[in-house]
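Novice: Hey, dropping data_5.txt in here, compact mmCIF, C-alpha atoms:
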# COMPACT_ATOMS: atom_id res chain seq x y z
CA MET R 1 -24.98 11.15 -28.18
CA GLU R 2 -23.65 8.97 -25.35
CA GLU R 3 -21.83 10.77 -22.57
CA HIS R 4 -18.12 9.97 -22.82
CA ILE R 5 -16.36 9.05 -19.57
CA VAL R 6 -12.57 9.04 -19.87
CA ILE R 7 -10.48 7.49 -17.11
CA ILE R 8 -6.73 8.15 -16.98
CA GLY R 9 -5.13 5.15 -15.29
CA ASN R 10 -5.89 1.44 -15.46
CA GLY R 11 -5.16 0.51 -11.87
CA VAL R 12 -7.68 -0.83 -9.40
CA SER R 13 -9.36 2.58 -8.91
CA GLY R 14 -9.90 3.40 -12.56
CA VAL R 15 -10.91 -0.10 -13.59
CA THR R 16 -13.34 -0.43 -10.67
CA ALA R 17 -14.95 2.87 -11.66
CA ALA R 18 -15.25 1.70 -15.28
CA ARG R 19 -16.78 -1.65 -14.33
CA HIS R 20 -19.38 -0.09 -12.04
CA ILE R 21 -20.25 2.69 -14.48
CA ARG R 22 -20.87 -0.02 -17.06
CA LYS R 23 -23.09 -1.95 -14.63
CA LEU R 24 -25.14 1.18 -14.01
CA SER R 25 -25.28 2.75 -17.49
CA ASP R 26 -24.69 2.62 -21.23
CA LYS R 27 -22.22 5.53 -21.17
CA LYS R 28 -19.22 5.49 -23.48
CA ILE R 29 -16.13 4.57 -21.43
CA THR R 30 -12.45 4.88 -22.36
CA ILE R 31 -9.55 3.88 -20.10
CA VAL R 32 -6.20 5.48 -20.90
CA SER R 33 -2.90 3.99 -19.73
CA ALA R 34 0.75 4.31 -20.67
CA GLU R 35 1.85 1.43 -18.43
CA THR R 36 0.19 -1.74 -19.75
CA ASP R 37 -2.44 -2.79 -22.27
CA TYR R 38 -4.59 -4.45 -19.62
CA PHE R 39 -5.35 -4.13 -15.92
CA PHE R 40 -3.24 -6.26 -13.59
CA SER R 41 -2.95 -6.73 -9.84
CA ARG R 42 -0.09 -4.47 -8.79
CA THR R 43 0.30 -6.18 -5.42
CA ALA R 44 1.07 -9.47 -7.22
CA LEU R 45 4.17 -8.18 -9.07
CA MET R 46 6.46 -9.49 -6.34
CA TYR R 47 5.13 -13.02 -6.78
CA VAL R 48 5.91 -12.94 -10.51
CA TYR R 49 9.56 -12.19 -9.77
CA MET R 50 9.61 -14.84 -7.03
CA GLY R 51 8.34 -17.46 -9.49
CA HIS R 52 4.98 -18.10 -7.85
CA MET R 53 3.02 -17.01 -10.91
CA LYS R 54 3.39 -15.63 -14.43
CA PHE R 55 2.49 -12.05 -15.30
CA GLU R 56 -0.65 -13.11 -17.16
CA HIS R 57 -1.87 -14.68 -13.93
CA THR R 58 -2.01 -11.18 -12.39
CA GLN R 59 -4.68 -10.09 -14.89
CA PRO R 60 -8.14 -10.74 -13.35
CA TYR R 61 -9.98 -10.39 -16.68
CA GLU R 62 -9.49 -12.12 -20.00
CA ASN R 63 -8.46 -9.85 -22.87
CA TRP R 64 -11.90 -10.20 -24.47
CA PHE R 65 -13.60 -8.80 -21.33
CA TRP R 66 -13.06 -5.17 -22.30
CA LYS R 67 -14.59 -5.32 -25.76
CA LYS R 68 -17.50 -7.43 -24.54
CA ASN R 69 -18.26 -4.83 -21.86
CA ARG R 70 -17.77 -1.92 -24.24
CA ILE R 71 -14.85 -0.43 -22.33
CA ALA R 72 -12.39 1.05 -24.82
CA LEU R 73 -8.68 0.88 -23.98
CA LYS R 74 -6.21 3.48 -25.25
CA LYS R 75 -2.46 3.13 -24.82
CA GLY R 76 -0.85 6.54 -24.52
CA PHE R 77 0.79 9.08 -22.23
CA VAL R 78 -1.25 12.17 -21.34
CA ASN R 79 0.94 15.26 -21.07
CA GLN R 80 -1.73 17.96 -20.90
CA VAL R 81 -5.37 18.33 -19.83
CA ASP R 82 -7.32 21.20 -21.38
CA THR R 83 -10.35 21.42 -19.10
CA ALA R 84 -11.91 24.34 -21.00
CA ALA R 85 -12.05 22.30 -24.22
CA LYS R 86 -12.46 19.00 -22.31
CA THR R 87 -9.57 17.57 -24.29
CA LEU R 88 -6.60 15.35 -23.42
CA HIS R 89 -3.34 15.91 -25.30
CA PHE R 90 -1.01 12.94 -25.67
CA ALA R 91 2.76 12.83 -25.95
CA GLU R 92 2.30 11.11 -29.29
CA GLY R 93 0.53 14.22 -30.63
CA ASP R 94 -3.07 12.97 -30.77
CA THR R 95 -6.00 14.15 -28.65
CA LEU R 96 -9.10 12.72 -26.98
CA GLN R 97 -12.24 14.57 -25.91
CA TYR R 98 -14.29 13.74 -22.82
CA ASP R 99 -17.53 14.75 -21.17
CA LYS R 100 -16.41 13.65 -17.71
CA LEU R 101 -12.83 12.96 -16.70
CA ILE R 102 -11.63 10.65 -13.91
CA ILE R 103 -7.98 10.98 -12.88
CA ALA R 104 -6.77 7.67 -11.44
CA THR R 105 -3.06 7.77 -12.18
CA GLY R 106 -1.81 6.28 -8.91
CA SER R 107 1.65 6.90 -7.48
CA LYS R 108 5.29 7.08 -8.46
CA PRO R 109 8.39 6.34 -6.32
CA ASN R 110 9.86 9.27 -4.44
CA LYS R 111 13.18 10.67 -5.59
CA PHE R 112 15.01 13.28 -3.55
CA GLY R 113 17.59 14.55 -5.99
CA TRP R 114 20.28 12.02 -5.12
CA PRO R 115 23.25 12.11 -7.50
CA GLY R 116 22.94 9.07 -9.77
CA GLN R 117 19.26 8.42 -9.07
CA ASP R 118 18.49 8.04 -12.80
CA LEU R 119 21.30 5.61 -13.65
CA ASP R 120 20.64 2.26 -15.31
CA GLY R 121 19.97 -0.26 -12.56
CA VAL R 122 18.11 2.24 -10.34
CA MET R 123 14.39 1.52 -10.04
CA GLY R 124 11.34 1.63 -7.84
CA MET R 125 9.03 -1.33 -7.32
CA TYR R 126 5.62 -0.06 -8.30
CA HIS R 127 5.09 -0.39 -12.06
CA LYS R 128 5.34 -3.29 -14.49
CA GLN R 129 8.33 -1.51 -16.00
CA ASP R 130 10.04 -1.78 -12.60
CA LEU R 131 9.55 -5.55 -12.70
CA GLU R 132 11.05 -5.64 -16.19
CA SER R 133 14.04 -3.59 -15.00
CA LEU R 134 14.54 -5.92 -12.07
CA GLU R 135 14.54 -8.95 -14.38
CA LYS R 136 17.11 -7.20 -16.58
CA TYR R 137 19.51 -6.03 -13.89
CA ALA R 138 18.93 -8.64 -11.17
CA PRO R 139 17.97 -11.92 -12.84
CA ASN R 140 20.28 -13.88 -10.51
CA LYS R 141 23.18 -13.52 -8.10
CA GLU R 142 25.74 -14.01 -10.88
CA VAL R 143 24.56 -10.85 -12.69
CA CYS R 144 23.66 -8.89 -9.57
CA LYS R 145 26.35 -9.34 -6.92
CA ARG R 146 24.51 -7.09 -4.46
CA ALA R 147 21.44 -4.88 -4.37
CA VAL R 148 20.89 -1.87 -2.13
CA ILE R 149 17.38 -0.83 -1.08
CA VAL R 150 16.83 2.76 0.05
CA GLY R 151 13.78 3.31 2.25
CA GLY R 152 12.21 1.21 4.96
CA GLY R 153 8.52 1.02 4.16
CA LEU R 154 6.30 -1.80 2.97
CA ILE R 155 7.54 -1.66 -0.63
CA GLY R 156 11.13 -1.79 0.57
CA ILE R 157 10.66 -4.94 2.57
CA GLU R 158 8.77 -6.57 -0.32
CA LEU R 159 11.68 -5.81 -2.63
CA ALA R 160 14.12 -7.23 -0.06
CA GLU R 161 12.10 -10.45 0.07
CA MET R 162 11.99 -10.62 -3.73
CA LEU R 163 15.75 -10.31 -4.13
CA HIS R 164 16.36 -12.65 -1.21
CA SER R 165 14.26 -15.30 -2.97
CA ARG R 166 16.90 -15.37 -5.74
CA HIS R 167 19.76 -15.47 -3.22
CA ILE R 168 20.94 -11.97 -4.16
CA PRO R 169 22.73 -10.25 -1.24
CA VAL R 170 20.80 -7.20 -0.05
CA THR R 171 21.81 -4.13 1.93
CA PHE R 172 18.81 -2.27 3.34
CA LEU R 173 19.24 1.43 4.18
CA VAL R 174 16.63 2.68 6.66
CA ARG R 175 16.89 6.28 7.80
CA GLU R 176 14.96 5.67 11.05
CA GLU R 177 16.55 4.31 14.23
CA SER R 178 14.30 1.24 13.93
CA PHE R 179 12.33 -0.18 11.00
CA TRP R 180 9.08 1.72 10.27
CA ASN R 181 9.09 3.15 13.80
CA GLY R 182 7.11 6.16 12.62
CA VAL R 183 4.17 3.77 12.19
CA LEU R 184 4.81 0.82 14.50
CA PRO R 185 5.14 0.82 18.29
CA ALA R 186 8.65 0.07 19.57
CA GLY R 187 8.16 -3.64 20.36
CA GLU R 188 6.72 -4.37 16.92
CA SER R 189 9.40 -2.39 15.12
CA ALA R 190 12.11 -4.29 17.03
CA MET R 191 10.48 -7.59 16.02
CA ILE R 192 10.68 -6.64 12.34
CA ASN R 193 14.33 -5.62 12.74
CA ARG R 194 15.07 -9.12 14.02
CA GLU R 195 13.08 -10.76 11.24
CA ILE R 196 14.93 -8.85 8.53
CA ILE R 197 18.34 -9.71 10.00
CA ALA R 198 17.34 -13.36 10.55
CA ASN R 199 16.70 -13.62 6.80
CA GLY R 200 20.26 -12.60 6.01
CA ILE R 201 19.50 -9.01 5.02
CA ASP R 202 22.23 -6.44 5.80
CA LEU R 203 20.02 -3.98 7.70
CA ARG R 204 21.54 -0.52 8.15
CA LEU R 205 19.44 1.56 10.53
CA ALA R 206 19.84 5.34 10.86
CA SER R 207 21.50 5.34 7.44
CA ASN R 208 20.82 7.69 4.53
CA LEU R 209 21.85 7.57 0.89
CA LYS R 210 24.38 10.23 -0.16
CA GLU R 211 24.87 9.29 -3.80
CA ILE R 212 24.83 6.50 -6.37
CA THR R 213 27.98 6.12 -8.44
CA ALA R 214 28.23 4.89 -12.04
CA ASP R 215 30.53 2.62 -13.96
CA ALA R 216 31.91 3.47 -17.42
CA ASN R 217 28.67 2.32 -19.05
CA GLY R 218 26.37 4.55 -17.00
CA GLN R 219 25.16 1.68 -14.83
CA VAL R 220 25.10 1.49 -11.04
CA LYS R 221 28.50 0.72 -9.54
CA SER R 222 28.02 1.55 -5.85
CA ILE R 223 26.27 3.69 -3.27
CA ILE R 224 27.77 5.94 -0.61
CA ILE R 225 26.22 6.24 2.85
CA GLN R 226 25.70 9.82 4.07
CA GLU R 227 26.62 9.34 7.73
CA THR R 228 29.82 7.29 7.37
CA GLY R 229 30.99 7.81 3.80
CA GLU R 230 31.12 4.03 3.37
CA GLU R 231 30.94 2.88 -0.23
CA ILE R 232 29.02 -0.33 -0.96
CA ALA R 233 29.51 -1.98 -4.35
CA CYS R 234 26.22 -3.00 -5.97
CA ASN R 235 24.54 -3.56 -9.34
CA VAL R 236 20.98 -2.55 -8.43
CA VAL R 237 19.51 0.22 -6.29
CA GLY R 238 15.85 0.04 -5.29
CA LEU R 239 14.35 3.41 -4.38
CA THR R 240 11.51 2.63 -1.99
CA ALA R 241 11.44 5.76 0.16
CA GLY R 242 7.69 6.12 -0.19
CA VAL R 243 5.55 7.20 -3.14
CA SER R 244 3.93 10.42 -4.33
CA PRO R 245 0.81 11.05 -6.43
CA ASN R 246 1.56 10.72 -10.13
CA ILE R 247 0.11 14.05 -11.25
CA ASP R 248 2.90 15.97 -13.01
CA PHE R 249 0.86 16.09 -16.22
CA ILE R 250 -1.81 18.34 -14.64
CA LYS R 251 0.48 20.75 -12.78
CA ASP R 252 -0.07 23.40 -15.47
CA SER R 253 -3.85 22.94 -15.65
CA ASP R 254 -6.53 24.71 -13.62
CA ILE R 255 -7.19 21.55 -11.60
CA GLU R 256 -6.30 22.29 -7.97
CA THR R 257 -3.48 20.20 -6.57
CA GLY R 258 -1.57 19.86 -3.32
CA ARG R 259 0.53 16.77 -3.00
CA GLY R 260 -2.28 15.09 -4.94
CA VAL R 261 -5.38 16.15 -6.86
CA LYS R 262 -7.59 17.98 -4.37
CA VAL R 263 -11.06 16.43 -4.00
CA ASN R 264 -14.07 16.77 -1.72
CA ARG R 265 -15.95 13.91 -0.09
CA TYR R 266 -17.70 13.29 -3.42
CA LEU R 267 -14.30 12.88 -5.11
CA GLU R 268 -14.98 16.01 -7.16
CA THR R 269 -12.19 18.45 -8.05
CA ASN R 270 -12.56 22.24 -8.29
CA VAL R 271 -13.26 21.86 -12.03
CA PRO R 272 -16.75 20.68 -13.04
CA ASP R 273 -16.85 17.17 -14.56
CA VAL R 274 -13.33 16.34 -13.36
CA TYR R 275 -12.82 13.80 -10.57
CA ALA R 276 -9.90 12.02 -8.91
CA ILE R 277 -9.69 8.66 -7.15
CA GLY R 278 -7.10 6.32 -5.69
CA ASP R 279 -3.51 7.11 -4.70
CA CYS R 280 -3.46 10.40 -6.62
CA ALA R 281 -6.53 11.87 -4.85
CA GLU R 282 -6.05 14.15 -1.84
CA GLN R 283 -8.99 14.91 0.41
CA TYR R 284 -9.24 18.59 1.37
CA LYS R 285 -9.50 17.29 4.91
CA GLY R 286 -8.73 13.80 6.16
CA ILE R 287 -11.73 11.58 6.94
CA ASP R 288 -11.86 10.58 10.61
CA GLN R 289 -8.17 10.22 11.52
CA ARG R 290 -7.15 9.07 8.05
CA ARG R 291 -4.48 10.81 6.03
CA PRO R 292 -5.67 13.00 3.15
CA ILE R 293 -3.86 10.65 0.72
CA GLU R 294 -4.06 6.89 1.16
CA ALA R 295 -1.99 4.69 -1.14
CA VAL R 296 -3.93 1.56 -0.25
CA TRP R 297 -5.47 -0.96 -2.65
CA TYR R 298 -8.85 -1.35 -0.98
CA THR R 299 -9.51 2.39 -0.57
CA GLY R 300 -8.83 2.85 -4.27
CA ARG R 301 -11.39 0.17 -5.07
CA MET R 302 -13.94 1.79 -2.73
CA MET R 303 -13.40 5.18 -4.36
CA GLY R 304 -14.03 3.66 -7.78
CA GLU R 305 -17.29 2.09 -6.63
CA THR R 306 -18.44 5.30 -4.95
CA LEU R 307 -17.62 7.59 -7.85
CA ALA R 308 -19.44 5.32 -10.32
CA GLN R 309 -22.65 6.08 -8.42
CA THR R 310 -22.08 9.84 -8.71
CA ILE R 311 -21.19 9.62 -12.42
CA CYS R 312 -24.43 7.72 -13.01
CA GLY R 313 -26.68 10.23 -11.24
CA ASN R 314 -26.64 9.03 -7.63
CA ARG R 315 -24.29 11.58 -6.00
CA LEU R 316 -22.63 9.68 -3.17
CA GLN R 317 -20.10 10.58 -0.50
CA TYR R 318 -16.95 8.51 -0.15
CA LYS R 319 -17.09 6.70 3.20
CA PRO R 320 -14.12 4.39 3.73
CA GLY R 321 -15.28 3.06 7.10
CA HIS R 322 -12.91 1.87 9.82
CA TRP R 323 -9.22 1.83 8.99
CA PHE R 324 -7.63 -1.54 8.33
CA ASN R 325 -4.63 -2.82 6.44
CA SER R 326 -2.46 -5.91 6.10
CA ALA R 327 1.04 -6.70 4.90
CA LYS R 328 3.79 -9.27 5.21
CA PHE R 329 7.23 -8.66 6.69
CA MET R 330 9.26 -11.55 5.27
CA ASP R 331 7.64 -14.50 7.11
CA ILE R 332 5.56 -12.48 9.58
CA GLU R 333 2.01 -11.50 8.60
CA TYR R 334 0.72 -8.15 9.83
CA GLN R 335 -2.80 -6.81 10.29
CA THR R 336 -4.12 -3.61 11.77
CA TYR R 337 -7.71 -2.60 12.61
CA GLY R 338 -8.66 0.78 14.00
CA TRP R 339 -5.87 3.02 15.27
CA VAL R 340 -2.58 2.02 16.85
CA TRP R 341 0.02 4.76 16.64
CA ALA R 342 3.77 4.58 17.09
CA GLN R 343 3.27 6.60 20.28
CA THR R 344 0.16 6.69 22.47
CA LYS R 345 -1.89 9.85 22.65
CA ASP R 346 -2.77 11.52 25.96
CA ASN R 347 -6.11 9.74 26.30
CA GLU R 348 -4.83 6.31 25.30
CA ALA R 349 -3.49 3.24 27.08
CA ARG R 350 -1.83 0.25 25.49
CA PHE R 351 -1.44 -3.46 26.10
CA TYR R 352 1.38 -5.42 24.45
CA TRP R 353 1.90 -9.17 24.36
CA GLU R 354 4.76 -10.95 22.63
CA HIS R 355 5.30 -14.71 22.27
CA THR R 356 8.52 -16.19 23.57
CA ASP R 357 9.52 -17.18 20.02
CA GLY R 358 9.89 -13.48 19.21
CA ASN R 359 7.81 -13.47 16.01
CA LYS R 360 4.23 -13.16 17.24
CA CYS R 361 2.68 -10.25 19.10
CA ILE R 362 -0.43 -8.13 19.50
CA THR R 363 -0.90 -4.52 20.58
CA LEU R 364 -4.26 -3.32 21.89
CA ASN R 365 -4.96 0.41 22.01
CA TYR R 366 -7.84 1.79 24.09
CA ASP R 367 -9.15 4.86 25.88
CA LYS R 368 -7.66 4.83 29.37
CA THR R 369 -10.71 6.53 30.90
CA THR R 370 -13.66 4.87 29.15
CA ARG R 371 -11.75 1.69 28.16
CA GLU R 372 -13.29 1.93 24.69
CA PHE R 373 -11.35 -0.19 22.19
CA ILE R 374 -9.49 1.97 19.64
CA GLY R 375 -7.41 -0.47 17.61
CA ILE R 376 -5.24 -3.56 17.35
CA ASN R 377 -2.02 -4.60 15.59
CA THR R 378 -1.34 -8.29 15.15
CA PHE R 379 1.86 -9.97 13.96
CA GLY R 380 1.97 -13.69 13.21
CA ILE R 381 -1.65 -14.19 14.35
CA ARG R 382 -4.47 -13.79 11.85
CA MET R 383 -7.56 -11.90 13.00
CA ARG R 384 -10.98 -11.47 11.37
CA HIS R 385 -11.79 -8.17 9.70
CA GLU R 386 -15.53 -8.65 10.24
CA PHE R 387 -15.05 -9.06 13.99
CA PHE R 388 -13.09 -5.83 14.48
CA ASP R 389 -15.22 -3.83 12.05
CA LYS R 390 -18.26 -4.76 14.18
CA ILE R 391 -16.44 -4.08 17.46
CA LEU R 392 -15.33 -0.63 16.31
CA THR R 393 -18.83 0.26 15.08
CA GLU R 394 -20.36 -0.85 18.39
CA LYS R 395 -17.66 1.01 20.38
CA GLN R 396 -17.04 -2.06 22.54
CA SER R 397 -14.57 -2.03 25.43
CA VAL R 398 -11.07 -3.46 25.34
CA ASP R 399 -12.22 -5.94 28.00
CA TYR R 400 -14.91 -7.23 25.61
CA VAL R 401 -12.29 -7.64 22.88
CA VAL R 402 -9.95 -9.61 25.16
CA GLU R 403 -12.83 -11.80 26.34
CA HIS R 404 -13.77 -12.63 22.73
CA LEU R 405 -10.29 -12.95 21.21
CA ALA R 406 -10.98 -16.56 20.23
CA ASP R 407 -13.90 -15.33 18.10
CA ALA R 408 -11.56 -12.90 16.35
CA ASN R 409 -8.89 -15.48 15.55
CA PHE R 410 -8.71 -16.52 11.90
CA ASP R 411 -5.89 -19.06 12.03
CA PRO R 412 -6.73 -22.48 10.53
CA GLU R 413 -8.15 -25.20 12.74
CA PHE R 414 -5.57 -27.07 14.85
CA TYR R 415 -3.15 -24.12 14.74
CA LYS R 416 -1.86 -23.31 18.18
CA LEU R 417 -3.71 -20.38 19.70
CA HIS R 418 -2.32 -18.00 22.27
CA GLU R 419 -5.42 -16.40 23.76
CA PRO R 420 -5.01 -17.92 27.26
CA ALA R 421 -1.52 -16.44 27.59
CA ILE R 422 -2.71 -13.08 26.23
CA VAL R 423 -5.69 -12.95 28.60
CA ALA R 424 -3.55 -13.97 31.58
CA LYS R 425 -1.08 -11.15 30.95
CA PHE R 426 -3.88 -8.66 30.36
CA ASN R 427 -5.53 -9.62 33.67
CA THR R 428 -2.25 -9.25 35.53
CA GLU R 429 -1.50 -5.83 34.10
CA ASN R 430 -5.05 -4.49 34.42
CA ASN R 431 -6.10 -6.13 37.69
CA THR R 432 -9.07 -7.74 35.93
CA ASN R 433 -10.52 -11.25 35.95
CA ILE R 434 -11.60 -11.73 32.32
CA LYS R 435 -12.56 -15.26 31.33
CA LEU R 436 -11.86 -16.25 27.74
CA LYS R 437 -14.89 -17.33 25.77
CA ASN R 438 -13.64 -20.26 23.66
CA LYS R 439 -14.88 -21.23 20.23
CA SER R 440 -17.07 -24.28 19.97
CA TRP R 441 -14.78 -26.29 17.68
CA LYS R 442 -11.60 -28.06 18.69
CA ARG R 443 -8.46 -25.95 19.04
CA ILE R 444 -4.95 -26.51 20.33
CA PHE R 445 -3.96 -23.88 22.86
CA ALA R 446 -0.26 -23.17 23.23
Please lay out the structure from this file as structure tokens.

Specialist:
Amino acid sequence: MEEHIVIIGNGVSGVTAARHIRKLSDKKITIVSAETDYFFSRTALMYVYMGHMKFEHTQPYENWFWKKNRIALKKGFVNQVDTAAKTLHFAEGDTLQYDKLIIATGSKPNKFGWPGQDLDGVMGMYHKQDLESLEKYAPNKEVCKRAVIVGGGLIGIELAEMLHSRHIPVTFLVREESFWNGVLPAGESAMINREIIANGIDLRLASNLKEITADANGQVKSIIIQETGEEIACNVVGLTAGVSPNIDFIKDSDIETGRGVKVNRYLETNVPDVYAIGDCAEQYKGIDQRRPIEAVWYTGRMMGETLAQTICGNRLQYKPGHWFNSAKFMDIEYQTYGWVWAQTKDNEARFYWEHTDGNKCITLNYDKTTREFIGINTFGIRMRHEFFDKILTEKQSVDYVVEHLADANFDPEFYKLHEPAIVAKFNTENNTNIKLKNKSWKRIFA
């Protein structure tokens, strides 16, 4: 009898694992999901609301793909895992047996026990159901007179941009003194503050939610700010104060959990034949300087690819490589490669350059003794992943990076480039005489 692989969760991690297991084997595969019938690109949800695409455009595979590739899809909510009997129990009352189980249930929005947090009109921005709620309660500015977003991370600013695209007034509560300043250095955080305000968003820094009040119909009426007691009338509240692993359904099982499902470098749990990948997986110990849980699309995909090898007999360690990420803060694109912390560590030095227009900058982080390059943040200037991945592997110096910045630049041809100004400032601050190596094709230098 074919070995039965059951995957709970049809996000990028679970679907990638299923696809690669199918490429490597003839095992029986079932994907279980309570969210949607078919896999979709979660990061594209914002563009559906903004009118750039339809929901069906977020589905990378045609509906026939799953049957053709012998990947069974089951719609249902798992509320218990019996690892001794290797059986899943569903809220609907039915069961499903497995030989190997992969938990890939992703994340859920954080809630902190705020009064009113479960009212109609309160939502996160992570699941398809959140998009449906947003369409219901904030279809336009006539229905939604104002929205309040609670939490200043990447999901929060995406939701602000979404609502802003429909001309809905937005108040943005950020508990920190400056936007995302636990992650970004001060100059970068200040740049994003300005960008948010420039787009007409009512940014409230150092502000916490006290409670959400209801109207007579049990729908959002207003929010109250903890520090001042100010009441702000609104029809929608977006809770975007981070996410947590979506693992409540296994809390009573013998699968070890912390914040997420505990796994080793092979993505194995403490229970034989049970694995976890993606946002819900928590490494016993962080890899390199990475956090034990990473809610990032590309790491979820890498985990799925890696685990497929182990499931199919080639036991393989998960190796995510050098850290990188990208995002968009309203109209400013952001990339990071390697490590740039909000505050420098004892052995680190930092170089910061900002354009006079106030919406482009780079931060270089390096070892102040050896001058080894540690990482870079870029805002408003696109840089090549391949370049920095190679530089980090080779442990090149920050001087080498500055000298070859033109090779790293990924902006389209005839875009203005800013390398000469960056190099000039770096030379002045470091008492160096680095000469920029220009690309061979024609560019316009600012």

Novice: Grab all the atoms of stretch 391-409 of chain R that the file lists, wrap them in a box along x, y and z, add 5 Å per side, and give me centre plus edge lengths in Å (one decimal) as AutoDock Vina command-line options.

Specialist:
--center_x -14.6 --center_y -7.8 --center_z 21.5 --size_x 21.5 --size_y 27.6 --size_z 22.9

Novice: Need the shell around R:Ala17: protein/DNA/RNA residues with any atom at most 9 Å away, counting all atoms listed in the file. Skip same-chain ones fewer than 4 positions apart. Format as a list in words?

Specialist: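 Listed by chain and then number, they are Ile7, Val12, Ser13, Ile21, Arg22, Ile102, Arg301, Met303, Gly304, Glu305, Thr306, Leu307, Ala308 and Gln309 of chain R.
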
Novice: Mind dumping the selected residues with C-alpha atoms as an mmCIF file, in the frame of the given file?

Specialist:
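Listing of again_36.cif after writing:
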data_model
loop_
_atom_site.group_PDB
_atom_site.id
_atom_site.type_symbol
_atom_site.label_atom_id
_atom_site.label_comp_id
_atom_site.auth_asym_id
_atom_site.auth_seq_id
_atom_site.Cartn_x
_atom_site.Cartn_y
_atom_site.Cartn_z
ATOM 1 C CA ILE R 7 -10.480 7.490 -17.110
ATOM 2 C CA VAL R 12 -7.680 -0.830 -9.400
ATOM 3 C CA SER R 13 -9.360 2.580 -8.910
ATOM 4 C CA ILE R 21 -20.250 2.690 -14.480
ATOM 5 C CA ARG R 22 -20.870 -0.020 -17.060
ATOM 6 C CA ILE R 102 -11.630 10.650 -13.910
ATOM 7 C CA ARG R 301 -11.390 0.170 -5.070
ATOM 8 C CA MET R 303 -13.400 5.180 -4.360
ATOM 9 C CA GLY R 304 -14.030 3.660 -7.780
ATOM 10 C CA GLU R 305 -17.290 2.090 -6.630
ATOM 11 C CA THR R 306 -18.440 5.300 -4.950
ATOM 12 C CA LEU R 307 -17.620 7.590 -7.850
ATOM 13 C CA ALA R 308 -19.440 5.320 -10.320
ATOM 14 C CA GLN R 309 -22.650 6.080 -8.420
#

Novice: When you count all atoms listed in the file, which of these residues is closest to R:Glu135: R:Ile5, R:Met123, R:Ala91, R:Val401?

Specialist: R:Met123

Novice: Can you list, as a ChimeraX atom specification, every protein, DNA or RNA residue that comes within 12 Å of R:Asp26 when you count only C-alpha atoms, leaving out same-chain residues fewer than 3 positions away?

Specialist: /R:1-5,18-23,29,69-71,311-312

Novice: Could you save those same residues with C-alpha atoms as an mmCIF file, in the frame of the given file?

Specialist:
data_model
loop_
_atom_site.group_PDB
_atom_site.id
_atom_site.type_symbol
_atom_site.label_atom_id
_atom_site.label_comp_id
_atom_site.auth_asym_id
_atom_site.auth_seq_id
_atom_site.Cartn_x
_atom_site.Cartn_y
_atom_site.Cartn_z
ATOM 1 C CA MET R 1 -24.980 11.150 -28.180
ATOM 2 C CA GLU R 2 -23.650 8.970 -25.350
ATOM 3 C CA GLU R 3 -21.830 10.770 -22.570
ATOM 4 C CA HIS R 4 -18.120 9.970 -22.820
ATOM 5 C CA ILE R 5 -16.360 9.050 -19.570
ATOM 6 C CA ALA R 18 -15.250 1.700 -15.280
ATOM 7 C CA ARG R 19 -16.780 -1.650 -14.330
ATOM 8 C CA HIS R 20 -19.380 -0.090 -12.040
ATOM 9 C CA ILE R 21 -20.250 2.690 -14.480
ATOM 10 C CA ARG R 22 -20.870 -0.020 -17.060
ATOM 11 C CA LYS R 23 -23.090 -1.950 -14.630
ATOM 12 C CA ILE R 29 -16.130 4.570 -21.430
ATOM 13 C CA ASN R 69 -18.260 -4.830 -21.860
ATOM 14 C CA ARG R 70 -17.770 -1.920 -24.240
ATOM 15 C CA ILE R 71 -14.850 -0.430 -22.330
ATOM 16 C CA ILE R 311 -21.190 9.620 -12.420
ATOM 17 C CA CYS R 312 -24.430 7.720 -13.010
#

Novice: In Å to one decimal, how far is atom CA of R:Lys221 from atom CA of R:Gly151?

Specialist: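 Spanning atom CA of R:Gly151 to atom CA of R:Lys221 is a straight-line distance of 19.0 Å.
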